[in-house]
>>> print(open('data_23.cif').read())   # mmCIF, C-alpha atoms
data_model
loop_
_atom_site.label_atom_id
_atom_site.label_comp_id
_atom_site.auth_asym_id
_atom_site.auth_seq_id
_atom_site.Cartn_x
_atom_site.Cartn_y
_atom_site.Cartn_z
CA MET A 1 -23.83 -7.73 21.33
CA LYS A 2 -22.44 -7.54 17.83
CA ILE A 3 -20.71 -4.30 18.74
CA THR A 4 -19.05 -5.73 21.88
CA LYS A 5 -17.72 -8.68 19.97
CA MET A 6 -16.29 -6.39 17.35
CA ALA A 7 -14.56 -4.36 20.00
CA ILE A 8 -13.03 -7.50 21.45
CA GLY A 9 -11.97 -8.54 17.98
CA SER A 10 -10.16 -5.30 17.35
CA VAL A 11 -8.46 -5.23 20.75
CA ALA A 12 -7.23 -8.74 20.03
CA ALA A 13 -6.03 -7.49 16.66
CA LEU A 14 -4.11 -4.63 18.23
CA VAL A 15 -2.52 -6.80 20.87
CA GLY A 16 -1.62 -9.35 18.23
CA MET A 17 -0.09 -6.72 16.05
CA THR A 18 2.12 -5.10 18.66
CA GLY A 19 3.40 -8.56 19.52
CA LEU A 20 4.57 -9.06 15.97
CA SER A 21 7.43 -7.55 14.08
CA PHE A 22 5.14 -4.92 12.62
CA ALA A 23 6.87 -4.58 9.33
CA ASP A 24 6.72 -0.95 8.31
CA PRO A 25 8.95 0.43 5.58
CA ASP A 26 12.58 0.15 6.59
CA GLU A 27 14.91 3.08 7.32
CA ASP A 28 17.26 2.65 4.37
CA SER A 29 18.01 5.46 1.95
CA LEU A 30 18.70 5.17 -1.74
CA THR A 31 21.46 6.78 -3.77
CA ILE A 32 22.05 5.36 -7.24
CA ASN A 33 25.65 5.11 -8.50
CA GLY A 34 26.71 7.11 -5.46
CA ASP A 35 25.31 10.07 -7.35
CA ILE A 36 21.56 10.27 -7.90
CA SER A 37 19.78 10.62 -4.57
CA ILE A 38 16.26 9.28 -4.55
CA VAL A 39 13.43 10.55 -2.36
CA THR A 40 11.79 7.34 -1.11
CA GLU A 41 9.70 8.99 1.62
CA THR A 42 7.96 12.34 1.77
CA ALA A 43 4.77 14.06 2.89
CA ALA A 44 1.73 12.83 0.98
CA PRO A 45 0.16 15.29 -1.46
CA ALA A 46 -3.12 16.73 -0.17
CA HIS A 47 -5.19 14.86 -2.76
CA ALA A 48 -4.04 11.49 -1.33
CA GLU A 49 -6.31 12.25 1.59
CA ASN A 50 -5.95 8.97 3.48
CA LEU A 51 -2.16 8.94 3.55
CA SER A 52 0.14 11.16 5.58
CA THR A 53 3.48 9.90 4.28
CA ILE A 54 4.23 8.28 0.94
CA TYR A 55 6.94 5.68 0.41
CA SER A 56 8.56 4.16 -2.62
CA GLY A 57 8.09 0.40 -2.93
CA TRP A 58 11.89 0.15 -2.62
CA ARG A 59 11.53 0.73 1.13
CA PHE A 60 9.50 -2.46 1.53
CA ARG A 61 11.96 -4.76 -0.19
CA SER A 62 14.71 -6.83 1.44
CA ASP A 63 18.27 -5.50 1.69
CA GLU A 64 19.35 -7.95 -1.02
CA THR A 65 16.68 -6.77 -3.45
CA GLN A 66 17.34 -3.13 -2.60
CA ALA A 67 21.06 -3.52 -3.34
CA PHE A 68 20.41 -4.36 -7.01
CA GLN A 69 19.15 -0.86 -7.56
CA MET A 70 22.01 1.04 -5.97
CA ASP A 71 24.39 0.65 -8.88
CA ASP A 72 23.54 0.47 -12.58
CA PHE A 73 26.06 -2.34 -13.04
CA ASP A 74 24.01 -4.48 -10.66
CA ASN A 75 20.60 -3.39 -11.95
CA PRO A 76 19.36 -5.99 -14.45
CA GLY A 77 16.78 -3.46 -15.68
CA MET A 78 19.63 -1.46 -17.23
CA ILE A 79 19.99 -4.15 -19.90
CA GLY A 80 16.58 -3.04 -21.17
CA VAL A 81 17.79 0.56 -21.15
CA GLU A 82 20.78 -0.46 -23.27
CA ASN A 83 18.57 -2.32 -25.73
CA ALA A 84 16.34 0.73 -26.06
CA THR A 85 19.36 2.96 -26.65
CA VAL A 86 20.00 0.90 -29.78
CA ASP A 87 16.34 1.15 -30.85
CA TRP A 88 16.48 4.89 -30.26
CA GLU A 89 18.99 5.20 -33.11
CA THR A 90 17.45 2.55 -35.36
CA VAL A 91 15.63 3.77 -38.46
CA ASP A 92 12.29 1.96 -38.85
CA GLY A 93 9.16 2.48 -40.96
CA SER A 94 8.21 4.18 -44.23
CA ALA A 95 9.42 7.67 -43.23
CA GLY A 96 12.99 6.46 -42.82
CA LYS A 97 13.31 7.89 -39.34
CA SER A 98 14.45 6.86 -35.88
CA CYS A 99 13.57 8.44 -32.53
CA SER A 100 16.83 10.37 -32.70
CA SER A 101 15.86 11.97 -36.03
CA CYS A 102 13.30 14.09 -34.19
CA HIS A 103 14.33 13.97 -30.54
CA GLY A 104 18.13 14.11 -30.50
CA THR A 105 19.53 12.15 -27.56
CA PRO A 106 17.58 10.21 -24.92
CA GLU A 107 18.76 12.81 -22.40
CA ASP A 108 16.58 15.32 -24.22
CA MET A 109 13.62 13.38 -22.75
CA ALA A 110 14.68 14.29 -19.18
CA GLY A 111 11.69 15.41 -17.11
CA LEU A 112 8.99 13.70 -19.16
CA ARG A 113 8.66 10.55 -17.05
CA ALA A 114 7.91 12.75 -14.02
CA GLU A 115 4.89 14.37 -15.70
CA TYR A 116 3.18 11.44 -17.41
CA PRO A 117 0.35 10.46 -17.75
CA LYS A 118 -0.50 13.90 -19.04
CA TRP A 119 -3.29 15.74 -20.86
CA ASN A 120 -2.66 15.77 -24.60
CA GLU A 121 -4.32 18.81 -26.13
CA GLU A 122 -4.30 17.53 -29.69
CA LYS A 123 -5.79 14.16 -28.81
CA SER A 124 -8.05 15.69 -26.20
CA GLN A 125 -7.31 12.91 -23.72
CA VAL A 126 -4.82 11.89 -21.06
CA THR A 127 -2.01 9.90 -22.64
CA THR A 128 0.76 7.69 -21.28
CA LEU A 129 4.37 7.56 -22.53
CA GLU A 130 3.53 4.27 -24.22
CA MET A 131 0.74 5.95 -26.18
CA GLU A 132 3.10 8.77 -27.19
CA VAL A 133 5.77 6.30 -28.32
CA ASN A 134 3.26 4.42 -30.46
CA ASN A 135 1.89 7.68 -31.82
CA CYS A 136 5.39 8.56 -33.03
CA ARG A 137 5.93 5.11 -34.46
CA GLU A 138 2.67 4.99 -36.38
CA ASN A 139 2.18 8.58 -37.45
CA ARG A 140 5.67 10.07 -37.60
CA MET A 141 7.81 7.09 -38.54
CA GLY A 142 5.29 5.02 -40.48
CA ALA A 143 6.34 2.02 -38.40
CA GLU A 144 4.41 -0.77 -36.71
CA LYS A 145 3.03 -0.10 -33.25
CA TRP A 146 4.76 -1.89 -30.42
CA LYS A 147 2.73 -4.13 -28.11
CA TYR A 148 1.65 -2.01 -25.14
CA THR A 149 3.35 -4.14 -22.49
CA GLY A 150 5.85 -5.83 -24.84
CA GLY A 151 9.60 -5.96 -24.37
CA LYS A 152 10.51 -3.27 -26.93
CA MET A 153 8.00 -0.83 -25.47
CA THR A 154 8.90 -1.47 -21.84
CA ASP A 155 12.62 -1.15 -22.60
CA MET A 156 11.96 2.21 -24.28
CA ILE A 157 9.95 3.45 -21.31
CA ALA A 158 12.81 2.33 -19.07
CA LEU A 159 15.23 4.42 -21.16
CA ILE A 160 12.96 7.47 -21.03
CA SER A 161 12.50 6.95 -17.30
CA SER A 162 16.21 6.48 -16.58
CA VAL A 163 17.07 10.01 -17.71
CA SER A 164 14.57 11.46 -15.21
CA ARG A 165 15.80 9.53 -12.21
CA GLY A 166 15.90 11.68 -9.09
CA MET A 167 13.34 14.16 -10.39
CA PRO A 168 10.13 14.47 -8.36
CA VAL A 169 7.01 12.86 -9.80
CA ASN A 170 4.67 15.72 -10.59
CA VAL A 171 1.61 14.72 -12.61
CA ALA A 172 -1.11 17.32 -13.09
CA ILE A 173 -4.56 16.35 -11.89
CA ASP A 174 -6.44 19.59 -12.43
CA GLY A 175 -7.79 21.28 -15.53
CA PRO A 176 -8.74 18.94 -18.37
CA ALA A 177 -7.13 15.92 -16.65
CA LYS A 178 -9.46 16.16 -13.67
CA GLU A 179 -12.23 13.98 -15.05
CA THR A 180 -9.80 11.17 -15.90
CA TRP A 181 -8.23 11.49 -12.46
CA GLU A 182 -11.66 11.18 -10.81
CA GLN A 183 -12.38 8.07 -12.85
CA GLY A 184 -9.06 6.60 -11.77
CA LYS A 185 -9.82 7.37 -8.16
CA GLN A 186 -13.12 5.59 -8.40
CA LEU A 187 -11.43 2.51 -9.84
CA TYR A 188 -8.84 2.61 -7.03
CA TYR A 189 -11.56 2.26 -4.40
CA THR A 190 -13.73 -0.30 -6.23
CA ARG A 191 -13.71 -3.77 -4.70
CA PHE A 192 -13.25 -6.03 -7.70
CA GLY A 193 -13.72 -9.74 -8.29
CA GLN A 194 -14.84 -12.66 -6.20
CA LEU A 195 -12.42 -11.65 -3.44
CA GLU A 196 -13.94 -8.15 -3.43
CA LEU A 197 -10.65 -6.35 -2.93
CA SER A 198 -9.78 -2.83 -4.02
CA CYS A 199 -6.33 -1.37 -4.59
CA ALA A 200 -6.94 0.62 -1.39
CA ASN A 201 -7.65 -2.52 0.67
CA CYS A 202 -4.11 -3.75 0.08
CA HIS A 203 -2.06 -0.63 -0.66
CA GLU A 204 -3.70 2.02 1.49
CA ASP A 205 -5.26 0.15 4.43
CA SER A 206 -2.65 -2.62 4.73
CA TYR A 207 0.73 -1.41 3.48
CA GLY A 208 3.53 -2.48 5.78
CA MET A 209 1.75 -5.74 6.58
CA MET A 210 2.41 -9.23 5.29
CA ILE A 211 -0.17 -10.91 3.06
CA ARG A 212 1.06 -14.49 3.07
CA ALA A 213 4.71 -14.16 1.92
CA ASP A 214 4.34 -10.67 0.42
CA HIS A 215 5.24 -7.46 2.22
CA LEU A 216 2.64 -4.96 1.04
CA SER A 217 3.87 -1.59 -0.17
CA GLN A 218 1.79 1.44 -1.10
CA GLY A 219 1.72 0.21 -4.69
CA GLN A 220 3.47 3.35 -5.92
CA ILE A 221 4.51 3.55 -9.56
CA ASN A 222 7.44 5.98 -9.36
CA GLY A 223 9.76 2.98 -9.84
CA PHE A 224 8.31 1.72 -13.10
CA PRO A 225 9.27 -0.02 -15.22
CA THR A 226 10.36 -2.49 -12.55
CA TYR A 227 12.67 -5.39 -13.11
CA ARG A 228 11.13 -8.23 -11.10
CA LEU A 229 13.36 -11.00 -9.83
CA LYS A 230 10.26 -13.20 -9.93
CA ASN A 231 9.78 -13.09 -13.72
CA THR A 232 13.27 -11.81 -14.60
CA LYS A 233 12.14 -9.04 -16.91
CA LEU A 234 11.09 -5.42 -16.95
CA ASN A 235 7.41 -4.99 -16.09
CA SER A 236 5.23 -2.11 -17.17
CA VAL A 237 2.67 -0.30 -15.04
CA HIS A 238 -0.33 -1.79 -16.83
CA ALA A 239 1.08 -5.31 -16.63
CA ARG A 240 1.35 -4.87 -12.86
CA PHE A 241 -2.17 -3.47 -12.61
CA LYS A 242 -3.43 -6.42 -14.61
CA GLY A 243 -1.75 -8.86 -12.24
CA CYS A 244 -3.16 -7.19 -9.16
CA VAL A 245 -6.72 -7.11 -10.57
CA ARG A 246 -6.45 -10.73 -11.71
CA ASP A 247 -5.44 -11.71 -8.18
CA THR A 248 -8.82 -10.54 -6.91
CA ARG A 249 -10.44 -13.18 -9.16
CA ALA A 250 -11.79 -10.40 -11.37
CA GLU A 251 -11.98 -9.83 -15.09
CA THR A 252 -9.09 -7.42 -15.66
CA PHE A 253 -8.98 -4.37 -17.91
CA LYS A 254 -6.71 -4.43 -20.94
CA PRO A 255 -3.28 -2.80 -20.92
CA GLY A 256 -3.64 0.55 -22.65
CA SER A 257 -7.40 0.70 -21.92
CA PRO A 258 -8.94 4.02 -20.87
CA GLU A 259 -9.59 2.50 -17.44
CA PHE A 260 -5.95 1.62 -16.81
CA VAL A 261 -4.80 5.00 -18.16
CA ALA A 262 -7.13 6.71 -15.67
CA LEU A 263 -5.99 4.42 -12.86
CA GLN A 264 -2.37 5.15 -13.75
CA LEU A 265 -2.93 8.90 -13.59
CA TYR A 266 -4.56 8.54 -10.19
CA VAL A 267 -1.92 6.17 -8.76
CA ALA A 268 0.90 8.32 -10.18
CA SER A 269 -0.60 11.38 -8.49
CA ARG A 270 -0.52 9.62 -5.11
CA GLY A 271 3.26 9.52 -5.61
CA ASN A 272 3.74 13.19 -6.44
CA GLY A 273 6.92 14.17 -4.59
CA LEU A 274 8.67 10.78 -4.72
CA SER A 275 11.58 10.57 -7.15
CA VAL A 276 11.38 8.90 -10.52
CA GLU A 277 13.26 5.66 -9.92
CA GLY A 278 12.74 3.45 -12.97
CA PRO A 279 14.04 1.09 -13.97
CA SER A 280 13.77 -0.15 -10.40
CA VAL A 281 14.24 -3.65 -8.99
CA ARG A 282 11.58 -5.50 -7.05
CA ASN A 283 10.93 -9.13 -6.16
CA MET B 284 -25.48 -51.20 -20.03
CA ARG B 285 -25.74 -52.13 -16.39
CA HIS B 286 -22.55 -50.24 -15.69
CA ALA B 287 -23.82 -47.14 -17.39
CA LEU B 288 -26.96 -47.23 -15.28
CA PHE B 289 -25.02 -47.64 -12.09
CA GLY B 290 -22.87 -44.70 -13.07
CA LEU B 291 -25.95 -42.59 -13.59
CA ALA B 292 -27.42 -43.63 -10.25
CA ALA B 293 -24.20 -42.63 -8.53
CA CYS B 294 -24.35 -39.21 -10.17
CA VAL B 295 -27.91 -38.62 -9.06
CA ALA B 296 -27.06 -39.67 -5.53
CA ALA B 297 -24.08 -37.31 -5.44
CA SER B 298 -26.02 -34.32 -6.70
CA SER B 299 -28.92 -34.92 -4.36
CA ALA B 300 -26.50 -34.99 -1.42
CA PHE B 301 -25.34 -31.62 -2.71
CA ALA B 302 -28.90 -30.36 -2.93
CA ALA B 303 -29.20 -30.80 0.83
CA ASP B 304 -26.77 -27.90 1.20
CA VAL B 305 -28.23 -24.55 2.16
CA GLN B 306 -27.62 -22.59 -1.05
CA PRO B 307 -25.46 -19.44 -0.70
CA THR B 308 -28.43 -17.26 -1.64
CA ASP B 309 -30.65 -18.89 1.03
CA VAL B 310 -28.36 -18.51 4.03
CA VAL B 311 -30.03 -16.80 7.01
CA PHE B 312 -27.82 -14.63 9.20
CA VAL B 313 -28.92 -13.67 12.72
CA ASP B 314 -26.61 -10.99 14.14
CA GLY B 315 -23.96 -12.17 11.69
CA ALA B 316 -24.25 -15.80 12.82
CA ILE B 317 -25.55 -18.92 11.06
CA GLU B 318 -27.24 -21.36 13.41
CA ALA B 319 -27.11 -24.73 11.60
CA SER B 320 -24.59 -26.60 9.49
CA LEU B 321 -24.65 -25.45 5.86
CA SER B 322 -24.16 -28.99 4.57
CA GLY B 323 -26.33 -30.66 7.19
CA ALA B 324 -23.28 -32.66 8.27
CA ALA B 325 -20.56 -32.14 10.86
CA GLY B 326 -17.24 -30.64 9.80
CA ASP B 327 -13.90 -32.44 9.65
CA PRO B 328 -11.24 -30.38 11.46
CA ALA B 329 -8.33 -32.11 9.68
CA SER B 330 -9.72 -31.15 6.30
CA GLY B 331 -10.42 -27.67 7.67
CA ALA B 332 -6.77 -27.29 8.68
CA GLU B 333 -5.76 -28.02 5.08
CA ILE B 334 -8.19 -25.49 3.65
CA MET B 335 -6.66 -22.85 5.95
CA ASN B 336 -3.45 -23.22 3.94
CA LYS B 337 -4.47 -23.63 0.32
CA GLY B 338 -6.84 -23.22 -2.57
CA ALA B 339 -9.66 -20.74 -2.26
CA GLY B 340 -9.39 -20.84 1.56
CA ASN B 341 -5.81 -19.76 2.19
CA CYS B 342 -6.88 -18.12 5.46
CA ILE B 343 -3.32 -17.87 6.74
CA ALA B 344 -2.63 -15.41 3.92
CA CYS B 345 -4.21 -12.93 6.34
CA HIS B 346 -4.31 -14.65 9.75
CA GLN B 347 -1.71 -16.11 12.11
CA VAL B 348 -2.57 -19.47 13.63
CA SER B 349 -0.10 -20.94 16.14
CA ALA B 350 -1.58 -24.42 15.69
CA LEU B 351 -0.44 -24.22 12.05
CA SER B 352 3.02 -22.83 12.83
CA HIS B 353 4.62 -25.66 10.82
CA LEU B 354 3.35 -23.83 7.69
CA SER B 355 5.35 -20.84 6.58
CA PHE B 356 4.30 -17.24 5.95
CA HIS B 357 1.25 -16.35 8.00
CA GLY B 358 -0.15 -12.95 7.10
CA GLU B 359 -1.07 -10.15 9.47
CA ILE B 360 -4.03 -8.45 7.78
CA GLY B 361 -6.66 -9.95 10.09
CA PRO B 362 -6.44 -10.77 13.81
CA PRO B 363 -4.54 -13.91 14.89
CA LEU B 364 -7.04 -16.76 15.22
CA ASP B 365 -5.57 -18.29 18.39
CA GLY B 366 -8.34 -18.65 20.96
CA VAL B 367 -11.01 -17.78 18.42
CA ALA B 368 -13.31 -20.49 19.83
CA ASP B 369 -13.27 -18.68 23.19
CA ARG B 370 -14.30 -15.40 21.60
CA TRP B 371 -17.06 -16.59 19.30
CA SER B 372 -19.73 -19.31 19.25
CA GLU B 373 -19.78 -21.95 16.53
CA ALA B 374 -22.74 -20.21 14.86
CA GLU B 375 -20.87 -16.90 14.86
CA ILE B 376 -17.72 -18.46 13.42
CA ARG B 377 -19.84 -20.09 10.68
CA GLY B 378 -21.31 -16.70 9.87
CA ILE B 379 -17.89 -15.02 9.76
CA VAL B 380 -16.41 -17.66 7.47
CA ALA B 381 -19.46 -17.68 5.17
CA ASN B 382 -19.67 -13.90 4.88
CA ALA B 383 -17.59 -11.83 7.29
CA LYS B 384 -19.05 -8.61 5.92
CA VAL B 385 -22.34 -9.32 7.71
CA MET B 386 -20.58 -9.33 11.11
CA PHE B 387 -17.90 -6.75 10.27
CA GLU B 388 -19.26 -4.12 7.95
CA GLY B 389 -16.88 -3.31 5.11
CA SER B 390 -14.41 -6.00 6.19
CA MET B 391 -11.49 -6.75 3.90
CA MET B 392 -12.08 -10.46 4.52
CA PRO B 393 -13.47 -12.19 1.41
CA SER B 394 -16.94 -13.77 1.60
CA PHE B 395 -16.38 -17.49 1.22
CA TYR B 396 -19.99 -18.63 0.78
CA LYS B 397 -21.43 -16.05 -1.55
CA THR B 398 -22.27 -16.16 -5.26
CA GLN B 399 -23.80 -12.80 -6.14
CA GLY B 400 -23.09 -9.10 -6.21
CA PHE B 401 -19.50 -9.12 -7.50
CA VAL B 402 -17.96 -6.36 -9.66
CA ARG B 403 -16.34 -7.79 -12.83
CA LEU B 404 -16.39 -11.37 -11.62
CA GLY B 405 -13.53 -13.29 -13.22
CA ASP B 406 -13.01 -16.93 -14.13
CA ALA B 407 -10.91 -17.83 -11.06
CA TYR B 408 -7.39 -16.37 -11.44
CA THR B 409 -7.29 -16.22 -15.25
CA GLY B 410 -8.14 -12.52 -15.52
CA GLU B 411 -10.87 -13.50 -18.01
CA ALA B 412 -14.55 -12.79 -17.45
CA HIS B 413 -16.61 -15.44 -15.71
CA ALA B 414 -18.66 -17.14 -18.41
CA ASP B 415 -22.44 -17.22 -17.99
CA GLY B 416 -23.42 -20.15 -15.90
CA GLU B 417 -23.25 -21.17 -12.32
CA VAL B 418 -21.04 -19.22 -9.92
CA HIS B 419 -19.44 -21.42 -7.30
CA PRO B 420 -18.74 -19.95 -3.89
CA LEU B 421 -15.06 -19.87 -2.85
CA LEU B 422 -15.73 -22.77 -0.46
CA THR B 423 -18.40 -25.46 -0.65
CA ALA B 424 -20.89 -25.85 2.21
CA GLN B 425 -18.92 -28.82 3.52
CA GLN B 426 -15.61 -26.95 3.27
CA VAL B 427 -17.08 -24.10 5.33
CA GLU B 428 -18.14 -26.68 7.93
CA ASP B 429 -14.65 -28.22 7.91
CA VAL B 430 -13.03 -24.83 8.50
CA VAL B 431 -15.52 -24.05 11.27
CA ALA B 432 -14.75 -27.41 12.90
CA PHE B 433 -11.05 -26.61 12.78
CA LEU B 434 -11.53 -23.12 14.26
CA MET B 435 -13.61 -24.65 17.08
CA THR B 436 -10.44 -26.50 18.16
CA LEU B 437 -8.61 -23.18 18.74
CA ASN B 438 -9.18 -22.72 22.47
CA GLU B 439 -6.82 -21.00 24.83
CA GLN B 440 -8.61 -21.52 28.14
#
>>> encode(input="data_23.cif", output="structure tokens")
Amino acid sequence: MKITKMAIGSVAALVGMTGLSFADPDEDSLTINGDISIVTETAAPAHAENLSTIYSGWRFRSDETQAFQMDDFDNPGMIGVENATVDWETVDGSAGKSCSSCHGTPEDMAGLRAEYPKWNEEKSQVTTLEMEVNNCRENRMGAEKWKYTGGKMTDMIALISSVSRGMPVNVAIDGPAKETWEQGKQLYYTRFGQLELSCANCHEDSYGMMIRADHLSQGQINGFPTYRLKNTKLNSVHARFKGCVRDTRAETFKPGSPEFVALQLYVASRGNGLSVEGPSVRN
Amino acid sequence: MRHALFGLAACVAASSAFAADVQPTDVVFVDGAIEASLSGAAGDPASGAEIMNKGAGNCIACHQVSALSHLSFHGEIGPPLDGVADRWSEAEIRGIVANAKVMFEGSMMPSFYKTQGFVRLGDAYTGEAHADGEVHPLLTAQQVEDVVAFLMTLNEQ
């Protein structure tokens, strides 16, 4: 009896769905500045076992939102990149150094954004770019840490990301990073909060569908930091995670927490093969 | 003095009306269905229609309902609810609204009349932990009844 009813329910669901504009990712392709071509769709890596194709979140946005990202002059996230370019050269802290004292030009960072989060041998843990930036500030510059999801930090990550645009995301999940990756995977499938929703419920089982006014993407992070038209600023990965967990009526984890670092490694790995896109533009 | 006493009496009356509700932890499901009204009273379909669109209900976040087509942005996560009263009995609809996971194992649909067994329960949408103390279900017993009464108006035949 229960079974029959369920079958009827799902037939109704199917019929209903085919009757709708089933809103998959669109067919648009992305080239930035007429120059950097971005892979927004590719075969899923084997470890993302429930996906066959992976898509950048850009493919789920409206034409108007997409257009902002096609030229750096139109991309409001590039203002953050410019701000960070100034910070890159600015001496701060007791050691009298700036980023450029040790690292040369921002372009010398090309490739890094594609590989992070990454196992750090010295610290014996997986670290994010934010953690590396603060490590430099505290221990090499003798400067104050930046707030993990603050404006200065997110602008700097946008700068470091911008010089890797077009490169394929390629985070390592084996070797010493494996345990952290497994922890992240477990978090991804945990149904949090009073609404009992996991990341997978929305971004794996339901991408392409509307949830109220939102068109669900795969929740990929190749585009981070993202400039959101909704809050008119650059948003970091952990700030986005926090928002999504909060929306399940759950107690969130803290930005920079081991849990969010693990979740970031796992989510990043689901996007291996997509291009680094940040700073991207989303609604 | 008199006034204060009256106030108190009113409070007692209100909370004893509440106590007539079947508590979330005491609900009995038979094949996913709940036989009797959770509040002991009939539901109000007009109030139910409002709950479909807002607050902790917000059912149209996931479901399309033609009768509510004046409201914008119906989601498509769950099946459209048109004709739902032809497919399910009132008791079954009550069960689905109270805790859909009993009828549909592993369903993505939130459990609207449930207070236990959550992972990292928050204080509504603040992102903070839920303080010790009573956990309120997403919908009250009467709100569940109101929603059920509204869904019972969705006939196609």
>>> closest_atom_pairs(input="data_23.cif", of="chain A", to="chain B", cutoff="7 Å", atoms="only C-alpha atoms", output="JSON lines")
{"residue": "A:Lys2", "atom": "CA", "partner": "B:Asp314", "partner_atom": "CA", "distance": 6.6}
{"residue": "A:Ala12", "atom": "CA", "partner": "B:Pro362", "partner_atom": "CA", "distance": 6.6}
{"residue": "A:Ala13", "atom": "CA", "partner": "B:Pro362", "partner_atom": "CA", "distance": 4.4}
{"residue": "A:Gly16", "atom": "CA", "partner": "B:Pro363", "partner_atom": "CA", "distance": 6.4}
{"residue": "A:Phe192", "atom": "CA", "partner": "B:Val402", "partner_atom": "CA", "distance": 5.1}
{"residue": "A:Gly193", "atom": "CA", "partner": "B:Leu404", "partner_atom": "CA", "distance": 4.6}
{"residue": "A:Gln194", "atom": "CA", "partner": "B:Leu404", "partner_atom": "CA", "distance": 5.8}
{"residue": "A:Leu195", "atom": "CA", "partner": "B:Pro393", "partner_atom": "CA", "distance": 5.0}
{"residue": "A:Glu196", "atom": "CA", "partner": "B:Pro393", "partner_atom": "CA", "distance": 6.3}
{"residue": "A:Leu197", "atom": "CA", "partner": "B:Met391", "partner_atom": "CA", "distance": 6.9}
{"residue": "A:Asn201", "atom": "CA", "partner": "B:Met391", "partner_atom": "CA", "distance": 6.6}
{"residue": "A:Ser206", "atom": "CA", "partner": "B:Ile360", "partner_atom": "CA", "distance": 6.7}
{"residue": "A:Met209", "atom": "CA", "partner": "B:Glu359", "partner_atom": "CA", "distance": 6.0}
{"residue": "A:Met210", "atom": "CA", "partner": "B:Gly358", "partner_atom": "CA", "distance": 4.9}
{"residue": "A:Ile211", "atom": "CA", "partner": "B:Gly358", "partner_atom": "CA", "distance": 4.5}
{"residue": "A:Arg212", "atom": "CA", "partner": "B:Ala344", "partner_atom": "CA", "distance": 3.9}
{"residue": "A:Ala213", "atom": "CA", "partner": "B:Phe356", "partner_atom": "CA", "distance": 5.1}
{"residue": "A:Arg246", "atom": "CA", "partner": "B:Gly410", "partner_atom": "CA", "distance": 4.5}
{"residue": "A:Asp247", "atom": "CA", "partner": "B:Tyr408", "partner_atom": "CA", "distance": 6.0}
{"residue": "A:Arg249", "atom": "CA", "partner": "B:Tyr408", "partner_atom": "CA", "distance": 5.0}
{"residue": "A:Ala250", "atom": "CA", "partner": "B:Gly405", "partner_atom": "CA", "distance": 3.8}
{"residue": "A:Glu251", "atom": "CA", "partner": "B:Gly405", "partner_atom": "CA", "distance": 4.2}
{"residue": "A:Thr252", "atom": "CA", "partner": "B:Gly410", "partner_atom": "CA", "distance": 5.2}
>>> resolve_selection(input="data_23.cif", expression="the PyMOL selection byres ((chain A and resi 260) around 10)", output="PyMOL selection string")
chain A and resi 183-184+187+237-239+241-242+252-259+261-266
>>> atom_distance(input="data_23.cif", atom1="CA of Pro45 in chain A", atom2="CA of Glu130 in chain A")
25.5 Å
>>> resolve_selection(input="data_23.cif", expression="the PyMOL selection byres ((chain B and resi 311) around 12)", output="MDAnalysis selection string")
chainID B and resid 305:310 312:321 374 377:378 381:382 385 396
>>> closest_residue(input="data_23.cif", among="B:Asp304, B:Glu373, B:Glu388, B:Glu333", to="Leu434 in chain B", atoms="only C-alpha atoms")
B:Glu373
>>> resolve_selection(input="data_23.cif", expression="the PyMOL selection byres ((chain A and resi 134-142) around 8)", output="ChimeraX atom specification")
/A:92-98,130-133,143-146
